[in-house]
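Have a look at target-v9.csv below; it lists CSV, C-alpha atoms and all ligand atoms.
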chain,number,residue,atom,x,y,z
V,1,MET,CA,26.5,50.2,20.4
V,2,ARG,CA,25.0,50.0,17.0
V,3,SER,CA,22.0,47.7,16.5
V,4,ASN,CA,21.9,45.1,13.8
V,5,SER,CA,19.3,47.2,11.9
V,6,GLN,CA,21.7,50.2,11.9
V,7,GLN,CA,24.5,48.0,10.6
V,8,VAL,CA,22.3,46.7,7.8
V,9,ALA,CA,21.2,50.2,6.8
V,10,GLU,CA,24.8,51.5,6.9
V,11,LEU,CA,26.2,48.6,4.9
V,12,LEU,CA,23.6,49.0,2.2
V,13,THR,CA,24.0,52.8,2.1
V,14,ASN,CA,27.8,52.7,2.1
V,15,GLU,CA,28.6,49.8,-0.1
V,16,LEU,CA,26.0,50.0,-2.9
V,17,SER,CA,26.4,52.5,-5.7
V,18,PRO,CA,24.8,55.8,-4.9
V,19,ALA,CA,21.1,56.1,-5.7
V,20,PRO,CA,20.5,59.8,-5.2
V,21,GLY,CA,16.8,59.4,-6.0
V,22,TRP,CA,16.2,58.1,-2.4
V,23,PRO,CA,14.4,59.0,-0.3
V,24,ILE,CA,11.6,60.1,-2.5
V,25,ARG,CA,11.0,63.8,-1.8
V,26,SER,CA,8.5,64.8,-4.5
V,27,ALA,CA,5.6,63.6,-6.5
V,28,SER,CA,7.7,63.6,-9.6
V,29,GLU,CA,10.3,61.3,-8.0
V,30,ALA,CA,7.4,59.0,-6.9
V,31,TRP,CA,6.2,58.9,-10.5
V,32,LEU,CA,9.8,57.9,-11.6
V,33,GLY,CA,9.5,55.0,-9.0
V,34,VAL,CA,6.2,54.0,-10.6
V,35,LEU,CA,7.8,53.9,-14.0
V,36,GLU,CA,10.7,51.8,-12.6
V,37,VAL,CA,8.2,49.2,-11.2
V,38,LEU,CA,6.0,49.0,-14.3
V,39,ALA,CA,8.4,49.8,-17.1
V,40,ALA,CA,12.0,48.9,-16.0
V,41,SER,CA,14.8,49.8,-18.3
V,42,LEU,CA,16.2,46.9,-20.4
V,43,ARG,CA,19.6,48.4,-20.1
V,44,SER,CA,20.3,48.8,-16.4
V,45,VAL,CA,21.1,46.1,-13.9
V,46,ARG,CA,19.6,48.2,-11.2
V,47,SER,CA,16.7,49.3,-13.3
V,48,LYS,CA,14.1,47.7,-11.2
V,49,THR,CA,15.2,49.4,-8.0
V,50,THR,CA,16.9,52.6,-8.9
V,51,VAL,CA,14.6,55.6,-9.3
V,52,THR,CA,17.0,57.9,-11.0
V,53,SER,CA,17.7,55.5,-13.9
V,54,THR,CA,14.4,56.4,-15.3
V,55,ALA,CA,15.3,60.1,-15.4
V,56,SER,CA,18.7,59.5,-16.9
V,57,SER,CA,17.4,57.1,-19.6
V,58,THR,CA,14.3,59.0,-20.5
V,59,PRO,CA,15.3,62.7,-20.2
V,60,ASP,CA,13.0,63.9,-22.9
V,61,SER,CA,10.2,61.3,-22.8
V,62,PRO,CA,6.6,62.2,-22.2
V,63,LEU,CA,6.5,59.0,-20.1
V,64,LEU,CA,7.7,61.3,-17.3
V,65,ASP,CA,4.3,63.0,-17.3
V,66,PRO,CA,1.5,60.8,-15.9
V,67,ARG,CA,-1.1,63.0,-17.5
V,68,TRP,CA,0.4,62.2,-21.0
V,69,CYS,CA,0.5,58.5,-20.1
V,70,ALA,CA,-3.2,58.5,-19.1
V,71,ALA,CA,-4.2,60.1,-22.3
V,72,GLN,CA,-2.5,57.5,-24.5
V,73,SER,CA,-3.9,54.2,-25.8
V,74,VAL,CA,-2.1,51.0,-24.5
V,75,GLU,CA,-0.6,50.6,-28.0
V,76,GLU,CA,0.7,54.2,-28.1
V,77,LEU,CA,2.3,53.7,-24.6
V,78,ALA,CA,3.9,50.5,-25.8
V,79,VAL,CA,5.5,52.3,-28.7
V,80,GLU,CA,7.0,55.0,-26.4
V,81,LEU,CA,8.2,52.4,-24.0
V,82,ARG,CA,10.0,50.5,-26.9
V,83,ARG,CA,11.5,53.8,-28.1
V,84,HIS,CA,13.2,54.1,-24.7
V,85,ARG,CA,14.1,50.4,-24.4
V,86,ARG,CA,11.8,49.9,-21.5
V,87,ARG,CA,9.7,46.8,-20.8
V,88,GLU,CA,6.2,47.1,-22.3
V,89,THR,CA,4.7,44.1,-20.5
V,90,HIS,CA,2.8,46.3,-18.1
V,91,ALA,CA,1.8,49.0,-20.6
V,92,ALA,CA,-1.9,48.5,-19.8
V,93,ALA,CA,-1.3,48.7,-16.0
V,94,LEU,CA,0.9,51.8,-16.5
V,95,ARG,CA,-2.0,53.5,-18.3
V,96,ALA,CA,-4.4,52.5,-15.6
V,97,VAL,CA,-2.1,53.8,-12.8
V,98,ALA,CA,-1.5,57.0,-14.8
V,99,HIS,CA,-5.2,57.5,-15.0
V,100,TRP,CA,-5.6,56.9,-11.3
V,101,TRP,CA,-2.7,59.3,-10.6
V,102,THR,CA,-4.3,62.2,-12.5
V,103,ASN,CA,-7.4,61.8,-10.3
V,104,MET,CA,-5.6,61.2,-6.9
V,105,VAL,CA,-2.4,63.2,-7.0
V,106,PRO,CA,-3.1,66.9,-7.2
V,107,PRO,CA,-0.8,69.2,-9.3
V,108,PRO,CA,1.8,70.5,-9.3
V,109,LEU,CA,3.5,67.2,-10.1
V,110,HIS,CA,6.9,68.6,-9.5
V,111,GLU,CA,6.4,69.9,-6.0
V,112,THR,CA,9.2,69.0,-3.6
V,113,VAL,CA,8.6,68.2,0.0
V,114,ASP,CA,9.7,70.9,2.4
V,115,SER,CA,11.3,69.0,5.2
V,116,GLY,CA,10.0,71.5,7.7
V,117,ALA,CA,6.4,71.5,6.6
V,118,ALA,CA,3.9,70.0,8.9
V,119,PRO,CA,1.2,67.6,7.8
V,120,GLY,CA,-1.9,69.5,6.7
V,121,SER,CA,0.0,72.8,6.7
V,122,GLY,CA,-1.7,73.8,3.4
V,123,HIS,CA,1.4,73.2,1.4
V,124,THR,CA,-0.8,71.3,-1.1
V,125,SER,CA,-4.3,70.0,-1.1
V,126,GLY,CA,-5.1,68.2,2.2
V,127,ARG,CA,-4.6,64.8,0.6
V,128,MET,CA,-0.8,65.0,0.7
V,129,ALA,CA,1.2,64.4,3.9
V,130,HIS,CA,4.6,65.9,4.5
V,131,PRO,CA,6.6,63.8,7.0
V,132,PRO,CA,10.1,65.2,7.2
V,133,ASN,CA,12.2,64.5,4.1
V,134,THR,CA,9.8,62.1,2.4
V,135,TRP,CA,6.8,62.4,0.1
V,136,ARG,CA,3.8,60.1,0.3
V,137,ILE,CA,0.2,60.0,-0.5
V,138,GLU,CA,-2.4,59.5,2.3
V,139,LEU,CA,-5.2,57.1,1.3
V,140,SER,CA,-7.8,55.3,3.3
V,141,GLN,CA,-7.8,51.5,3.3
V,142,ALA,CA,-10.8,51.5,1.0
V,143,GLU,CA,-8.9,53.7,-1.4
V,144,TRP,CA,-5.8,51.4,-1.3
V,145,ARG,CA,-8.1,48.4,-2.0
V,146,LYS,CA,-9.5,50.2,-5.1
V,147,PHE,CA,-5.9,50.9,-6.2
V,148,ALA,CA,-4.9,47.3,-5.9
V,149,GLU,CA,-7.9,46.4,-8.1
V,150,LEU,CA,-6.7,48.5,-11.1
V,151,PRO,CA,-6.5,46.4,-14.3
V,152,GLY,CA,-3.2,44.6,-14.9
V,153,LEU,CA,-1.9,44.8,-11.3
V,154,SER,CA,-0.8,41.6,-9.7
V,155,ARG,CA,-0.6,41.6,-5.9
V,156,GLY,CA,3.2,41.9,-6.0
V,157,LEU,CA,3.1,44.9,-8.4
V,158,ALA,CA,0.4,46.6,-6.4
V,159,GLU,CA,2.6,46.2,-3.2
V,160,GLU,CA,5.7,47.6,-4.9
V,161,LEU,CA,3.7,50.6,-6.2
V,162,ARG,CA,2.1,51.2,-2.8
V,163,LEU,CA,5.5,51.3,-1.3
V,164,MET,CA,6.7,53.8,-4.0
V,165,LEU,CA,3.7,56.0,-3.1
V,166,GLY,CA,4.7,55.9,0.6
V,167,ALA,CA,2.2,53.4,2.0
V,168,GLU,CA,3.0,51.5,5.2
V,169,THR,CA,3.9,48.3,3.4
V,170,PHE,CA,7.0,46.2,2.5
V,171,PRO,CA,6.9,44.1,-0.7
V,172,PHE,CA,7.9,40.6,0.2
V,173,GLN,CA,9.3,39.1,-3.0
V,174,ARG,CA,11.3,35.9,-3.1
V,175,GLY,CA,14.6,37.7,-3.3
V,176,VAL,CA,14.0,39.7,-0.1
V,177,GLN,CA,12.7,36.6,1.6
V,178,ARG,CA,16.0,34.8,0.8
V,179,VAL,CA,18.1,37.5,2.3
V,180,GLY,CA,16.0,37.6,5.5
V,181,TRP,CA,15.9,33.8,5.9
V,182,ARG,CA,19.7,33.4,5.3
V,183,HIS,CA,20.4,36.0,7.9
V,184,GLY,CA,18.0,34.6,10.5
V,185,TRP,CA,15.8,37.7,10.6
V,186,PHE,CA,12.8,35.4,10.1
V,187,ASP,CA,12.3,31.9,8.8
V,188,GLU,CA,10.1,30.1,6.3
V,189,ALA,CA,7.5,29.5,8.9
V,190,THR,CA,7.1,33.2,9.7
V,191,ASP,CA,3.9,34.6,8.2
V,192,ARG,CA,4.0,37.4,5.7
V,193,ASP,CA,2.6,40.1,8.0
V,194,ALA,CA,5.2,39.3,10.7
V,195,ALA,CA,8.1,39.3,8.2
V,196,GLN,CA,6.9,42.6,6.7
V,197,HIS,CA,6.6,44.1,10.1
V,198,LEU,CA,10.1,43.1,10.9
V,199,LEU,CA,11.5,44.6,7.7
V,200,ALA,CA,9.7,47.8,8.5
V,201,THR,CA,11.2,47.8,11.9
V,202,ILE,CA,14.7,47.4,10.5
V,203,ALA,CA,14.1,50.4,8.3
V,204,ALA,CA,12.8,52.5,11.3
V,205,GLU,CA,15.6,51.4,13.6
V,206,GLY,CA,18.2,51.8,10.9
V,207,GLY,CA,17.0,55.4,10.2
V,208,VAL,CA,16.3,54.8,6.5
V,209,ASP,CA,13.2,55.3,4.4
V,210,ARG,CA,11.6,51.8,3.9
V,211,ARG,CA,11.7,52.4,0.2
V,212,GLU,CA,15.4,52.8,0.4
V,213,LEU,CA,15.8,49.6,2.4
V,214,TRP,CA,13.6,47.7,0.0
V,215,SER,CA,15.7,49.0,-3.0
V,216,GLY,CA,18.9,47.9,-1.3
V,217,LEU,CA,17.7,44.5,-0.3
V,218,SER,CA,16.3,43.9,-3.8
V,219,GLU,CA,19.6,44.8,-5.4
V,220,VAL,CA,21.5,42.5,-3.0
V,221,ALA,CA,19.1,39.7,-3.7
V,222,GLU,CA,19.5,40.2,-7.4
V,223,ARG,CA,23.3,40.6,-7.6
V,224,TRP,CA,24.6,38.4,-4.7
V,225,CYS,CA,21.9,36.4,-3.0
V,226,GLY,CA,20.6,34.1,-5.7
V,227,ARG,CA,20.3,30.3,-5.4
V,228,GLN,CA,24.1,30.2,-4.6
V,229,PRO,CA,24.9,33.1,-2.3
V,230,ASP,CA,28.1,35.0,-3.1
V,231,CYS,CA,28.7,36.2,0.4
V,232,ASP,CA,32.4,37.0,0.0
V,233,SER,CA,31.7,40.1,-2.1
V,234,CYS,CA,28.2,40.9,-0.8
V,235,PRO,CA,27.6,44.2,1.1
V,236,LEU,CA,25.8,42.3,3.9
V,237,ARG,CA,28.6,39.9,4.7
V,238,GLY,CA,29.3,41.9,7.9
V,239,VAL,CA,25.9,41.0,9.4
V,240,LEU,CA,25.9,37.3,8.6
V,241,PRO,CA,25.2,34.9,11.5
V,242,ALA,CA,28.5,33.6,13.1
V,243,ARG,CA,28.2,30.2,11.2
V,244,GLY,CA,27.4,31.8,7.9
V,245,PRO,CA,24.2,32.0,5.9
V,246,ILE,CA,21.4,29.8,7.2
V,247,PRO,CA,20.6,27.2,4.5
V,248,LEU,CA,17.2,27.6,2.9
V,249,GLY,CA,14.8,24.7,2.9
V,250,GLU,CA,15.6,23.6,-0.7
V,251,GLU,CA,19.5,23.9,-0.1
V,301,LIG,S1,25.9,38.0,2.8
V,301,LIG,FE1,25.4,36.1,1.7
V,301,LIG,S2,23.4,35.4,2.6
V,301,LIG,FE2,23.7,37.6,3.1
V,301,LIG,S3,22.6,38.7,1.5
V,301,LIG,FE3,24.8,38.6,0.9
V,301,LIG,S4,24.8,36.7,-0.4
V,301,LIG,FE4,22.9,36.6,0.8
Now that the file is in, can you turn its structure into structure tokens?
Amino acid sequence: MRSNSQQVAELLTNELSPAPGWPIRSASEAWLGVLEVLAASLRSVRSKTTVTSTASSTPDSPLLDPRWCAAQSVEELAVELRRHRRRETHAAALRAVAHWWTNMVPPPLHETVDSGAAPGSGHTSGRMAHPPNTWRIELSQAEWRKFAELPGLSRGLAEELRLMLGAETFPFQRGVQRVGWRHGWFDEATDRDAAQHLLATIAAEGGVDRRELWSGLSEVAERWCGRQPDCDSCPLRGVLPARGPIPLGEE
């Protein structure tokens, strides 16, 4: 019998439009994810959560090269972001992260993870890990703390970026909270760490990369699970509690 986690993963995978950028398999795809978090497209509904929209909307942009981004001034970056109709609010943070990237992520940028490669196999410098079918960067807690202190990064942005880079985290924004509360996965009294652990467990049990689960839940929250939930057309209607969505405190 399928678990609830597997059902959630299947519904999100089967009913949302394809997002072939998931799971992230290379450093270049992770950089696209960074761009989506810090410079979402102004054109796409899914821009914040769909890695591939960056590639399709900026096919010839130097923004796709973190070393180019690191070498620009904030003003020059903002000009390029405007040229591609992307949000420029976080141009300073994008420059700081690009600078960090050039120091922490060894070339070649476009290396693709070999699903059969073992961690530390010498496939790249020892800093990169190669779990099957995913790409991530291995950092110590002290290094992640330094990352979170980069200029212009709020706690929420830093968490989203850490996830994009493969860290063991699960961003816990309001939209994802709403989905979890209404389905009874946790409630408003559940502390952040426990809720994040539960979401990570859903990803593991559902057999999906946690980045993919986060992307799907974020899209569901944005398109269907606002202040007034539109359950009839939502992909997750099949895993609602028997009596329907659990009302939030303010409802
Ligand atoms: S089924 Fe309803 S409560 Fe569940 S995520 Fe969709 S809109 Fe929200």
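With the cut-off set to 8 Å and all atoms listed in the file counted, the residues surrounding ligand LIG 301 (chain V) are Arg178, Val179, Gly180, Arg182, His183, Leu217, Val220, Ala221, Trp224, Cys225, Gly226, Gln228, Pro229, Asp230, Cys231, Asp232, Ser233, Cys234, Pro235, Leu236, Arg237, Gly238, Val239, Leu240, Gly244, Pro245 and Ile246 of chain V.
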field: Interatomic distance (Å, one decimal) between CA of Ala194 (chain V) and CA of Glu159 (chain V)
entry: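 Between these atoms lies a distance of 15.7 Å.
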message: I'd like the contact shell of Glu205 (chain V) - 7 Å cut-off, all atoms listed in the file, skipping same-chain residues fewer than 3 positions apart - returned as a ChimeraX atom specification.
response: /V:5-6,201-202
Taking only residues of region 167-225 of chain V that have an atom at most 12 Å from an atom of region 27-34 of chain V, what is each one's shortest atom pair and its distance in Å to one decimal, using only C-alpha atoms, in chain and number order, as a tab-separated table?
residue	atom	partner	partner_atom	distance
V:Ala167	CA	V:Ala30	CA	11.7
V:Arg211	CA	V:Gly33	CA	9.8
V:Glu212	CA	V:Gly33	CA	11.3
V:Ser215	CA	V:Gly33	CA	10.5
message: Between CA of Gly184 (chain V) and CA of Arg243 (chain V), what distance in Å does the model show, to one decimal?
response: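 Atom-to-atom, CA of Gly184 (chain V) and CA of Arg243 (chain V) are spaced 11.1 Å apart.
CA of Arg136 (chain V) is found 26.7 Å from CA of Asp191 (chain V).
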query: Any idea what's packed within 10 Å of Thr89 (chain V), counting only C-alpha atoms, ignoring anything in its chain fewer than 3 positions away? Could you give it as number ranges by chain?
result: V: 38-40, 78, 81, 86, 92-94, 152
